[in-house]
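**Q** Structure: run-v8.cif, mmCIF, C-alpha atoms.
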```cif
data_run
#
loop_
_atom_site.group_PDB
_atom_site.id
_atom_site.type_symbol
_atom_site.label_atom_id
_atom_site.label_comp_id
_atom_site.auth_asym_id
_atom_site.auth_seq_id
_atom_site.Cartn_x
_atom_site.Cartn_y
_atom_site.Cartn_z
ATOM 1 C CA MET A 1 85.448 148.410 -96.104
ATOM 2 C CA PRO A 2 87.182 145.081 -96.881
ATOM 3 C CA LEU A 3 88.877 145.162 -93.469
ATOM 4 C CA ILE A 4 85.520 145.412 -91.644
ATOM 5 C CA HIS A 5 84.071 142.610 -93.776
ATOM 6 C CA GLY A 6 87.067 140.410 -92.946
ATOM 7 C CA ARG A 7 86.671 141.078 -89.208
ATOM 8 C CA LEU A 8 82.955 140.211 -89.317
ATOM 9 C CA LEU A 9 83.693 137.029 -91.188
ATOM 10 C CA ALA A 10 86.359 136.068 -88.645
ATOM 11 C CA ALA A 11 84.037 136.873 -85.722
ATOM 12 C CA GLY A 12 81.235 134.807 -87.299
ATOM 13 C CA THR A 13 83.607 131.887 -87.788
ATOM 14 C CA LEU A 14 84.691 132.036 -84.125
ATOM 15 C CA VAL A 15 81.072 132.104 -82.931
ATOM 16 C CA ALA A 16 80.181 129.153 -85.163
ATOM 17 C CA ALA A 17 83.217 127.199 -83.946
ATOM 18 C CA SER A 18 82.413 127.852 -80.283
ATOM 19 C CA LEU A 19 78.782 126.754 -80.809
ATOM 20 C CA ALA A 20 79.960 123.568 -82.491
ATOM 21 C CA LEU A 21 82.335 122.813 -79.622
ATOM 22 C CA SER A 22 79.695 123.444 -76.976
ATOM 23 C CA ALA A 23 77.285 121.142 -78.814
ATOM 24 C CA CYS A 24 79.912 118.383 -78.806
ATOM 25 C CA GLY A 25 80.326 118.656 -75.040
ATOM 26 C CA SER A 26 76.643 118.341 -74.219
ATOM 27 C CA SER A 27 75.214 114.950 -73.386
ATOM 28 C CA PRO A 28 72.404 113.631 -75.572
ATOM 29 C CA SER A 29 68.912 114.018 -74.210
ATOM 30 C CA PRO A 30 67.568 110.832 -72.608
ATOM 31 C CA THR A 31 65.197 108.657 -74.575
ATOM 32 C CA ILE A 32 61.694 108.426 -73.126
ATOM 33 C CA LEU A 33 60.207 104.954 -72.729
ATOM 34 C CA ASN A 34 56.928 104.299 -74.565
ATOM 35 C CA THR A 35 54.802 103.553 -71.498
ATOM 36 C CA GLU A 36 51.588 103.567 -73.541
ATOM 37 C CA LYS A 37 52.880 100.499 -75.367
ATOM 38 C CA ILE A 38 53.604 98.851 -72.003
ATOM 39 C CA GLU A 39 50.073 99.661 -70.799
ATOM 40 C CA ARG A 40 48.592 97.927 -73.867
ATOM 41 C CA ALA A 41 50.889 94.907 -73.406
ATOM 42 C CA ILE A 42 49.853 94.477 -69.772
ATOM 43 C CA GLU A 43 46.171 94.813 -70.717
ATOM 44 C CA HIS A 44 46.602 92.184 -73.433
ATOM 45 C CA SER A 45 48.402 89.822 -71.019
ATOM 46 C CA SER A 46 45.688 90.249 -68.389
ATOM 47 C CA LEU A 47 43.000 89.338 -70.886
ATOM 48 C CA ALA A 48 44.935 86.444 -72.425
ATOM 49 C CA GLN A 49 46.187 84.876 -69.185
ATOM 50 C CA ARG A 50 43.379 85.629 -66.757
ATOM 51 C CA GLY A 51 40.441 86.309 -69.041
ATOM 52 C CA LYS A 52 39.970 89.672 -67.342
ATOM 53 C CA GLN A 53 39.701 93.057 -69.026
ATOM 54 C CA ALA A 54 41.876 95.681 -67.295
ATOM 55 C CA HIS A 55 42.617 99.352 -67.807
ATOM 56 C CA VAL A 56 46.315 99.974 -67.091
ATOM 57 C CA THR A 57 48.058 103.284 -66.437
ATOM 58 C CA CYS A 58 51.801 103.806 -66.218
ATOM 59 C CA PRO A 59 53.709 107.006 -65.492
ATOM 60 C CA SER A 60 54.764 109.104 -68.468
ATOM 61 C CA GLY A 61 58.207 110.577 -69.002
ATOM 62 C CA VAL A 62 60.099 107.487 -67.827
ATOM 63 C CA HIS A 63 63.646 107.417 -69.228
ATOM 64 C CA GLN A 64 64.980 104.330 -70.948
ATOM 65 C CA ASN A 65 67.546 103.072 -68.473
ATOM 66 C CA LYS A 66 68.610 99.465 -67.900
ATOM 67 C CA GLY A 67 67.541 98.198 -64.468
ATOM 68 C CA LEU A 68 65.102 101.038 -63.782
ATOM 69 C CA ALA A 69 61.900 99.825 -62.100
ATOM 70 C CA PHE A 70 58.565 101.628 -61.864
ATOM 71 C CA SER A 71 54.951 100.750 -61.119
ATOM 72 C CA CYS A 72 51.833 100.685 -63.252
ATOM 73 C CA THR A 73 48.293 100.209 -61.988
ATOM 74 C CA GLY A 74 45.725 97.905 -63.556
ATOM 75 C CA VAL A 75 42.057 98.382 -62.693
ATOM 76 C CA LEU A 76 39.648 95.566 -63.461
ATOM 77 C CA GLY A 77 36.028 96.119 -64.446
ATOM 78 C CA SER A 78 34.998 95.299 -60.870
ATOM 79 C CA GLY A 79 37.090 98.241 -59.641
ATOM 80 C CA SER A 80 39.794 96.168 -57.963
ATOM 81 C CA ALA A 81 43.327 97.419 -58.592
ATOM 82 C CA THR A 82 46.520 95.467 -59.230
ATOM 83 C CA ARG A 83 50.030 96.888 -59.078
ATOM 84 C CA PHE A 84 52.444 95.865 -61.838
ATOM 85 C CA VAL A 85 56.173 96.291 -61.315
ATOM 86 C CA VAL A 86 57.925 97.033 -64.603
ATOM 87 C CA THR A 87 61.698 96.592 -64.873
ATOM 88 C CA GLU A 88 63.675 97.813 -67.876
ATOM 89 C CA LEU A 89 65.871 95.019 -69.219
ATOM 90 C CA ASP A 90 68.071 97.270 -71.353
ATOM 91 C CA GLY A 91 68.289 100.821 -72.628
ATOM 92 C CA SER A 92 66.297 99.964 -75.762
ATOM 93 C CA GLY A 93 62.784 99.750 -74.334
ATOM 94 C CA HIS A 94 62.585 96.038 -73.506
ATOM 95 C CA VAL A 95 60.841 95.426 -70.190
ATOM 96 C CA HIS A 96 59.631 92.701 -67.861
ATOM 97 C CA TYR A 97 56.482 93.180 -65.789
ATOM 98 C CA GLU A 98 54.739 91.213 -63.103
ATOM 99 C CA ALA A 99 51.683 91.688 -60.918
ATOM 100 C CA ARG A 100 52.291 92.177 -57.211
#
```
Could you write out this structure as structure tokens?
**A**
Amino acid sequence: MPLIHGRLLAAGTLVAASLALSACGSSPSPTILNTEKIERAIEHSSLAQRGKQAHVTCPSGVHQNKGLAFSCTGVLGSGSATRFVVTELDGSGHVHYEAR
């Protein structure tokens, strides 16, 4: 009986070690940018700078990645749409946006 117990323990240790090694080799999952926060910031800027209320939508699931650019759409109360180009300044969620 002790021999079987020792083999199981050794097998369990090998499995645990191989799982730990495979976890070390995997790359971390990408961080998703908080595009809802960007939508609110663009809406606030539109109201503050132009005096116009806008409803802004940005894509979801955008990864935080320095230099990545994507578009958001702002719709004014009159129904006219404005495209905003958002560029990530770093990998920490800081962005720059401008209407085009």
**Q** Using all atoms listed in the file for the distances, tell me which of A:Val85, A:Leu76, A:Ala69, A:Ile38 is nearest to Gly51 (chain A).
**A**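 Comparing A:Val85, A:Leu76, A:Ala69, A:Ile38 against Gly51 (chain A), the winner is A:Leu76.
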**Q** Hey, which of A:Ala48, A:Arg40, A:Ala54, A:Ile32 ends up closest to Thr82 (chain A)? Count all atoms listed in the file.
**A**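 The shortest atom-to-atom distance to Thr82 (chain A) comes from A:Ala54.
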**Q** Run the PyMOL selection byres ((chain A and resi 37) around 12) mentally over the shown coordinates, then write out the matched residues as a ChimeraX atom specification, using the chain letters and numbers from the document.
**A** /A:33-36,38-44,56-60,93-95
**Q** Would you compute the distance between CA of Lys52 (chain A) and CA of Thr73 (chain A)? Give it in Å to one decimal.
**A**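 These two atoms are separated by 14.5 Å.
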**Q** Using the chain letters and residue numbers of this document, give as a PyMOL selection string the residues selected by the PyMOL selection byres ((chain A and resi 70) around 10).
**A** chain A and resi 58-59+62+67-69+71-72+84-88+97
**Q** Quick one, how far is CA of Val75 (chain A) from CA of His96 (chain A)?
**A**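 Those two atoms sit 19.2 Å apart.
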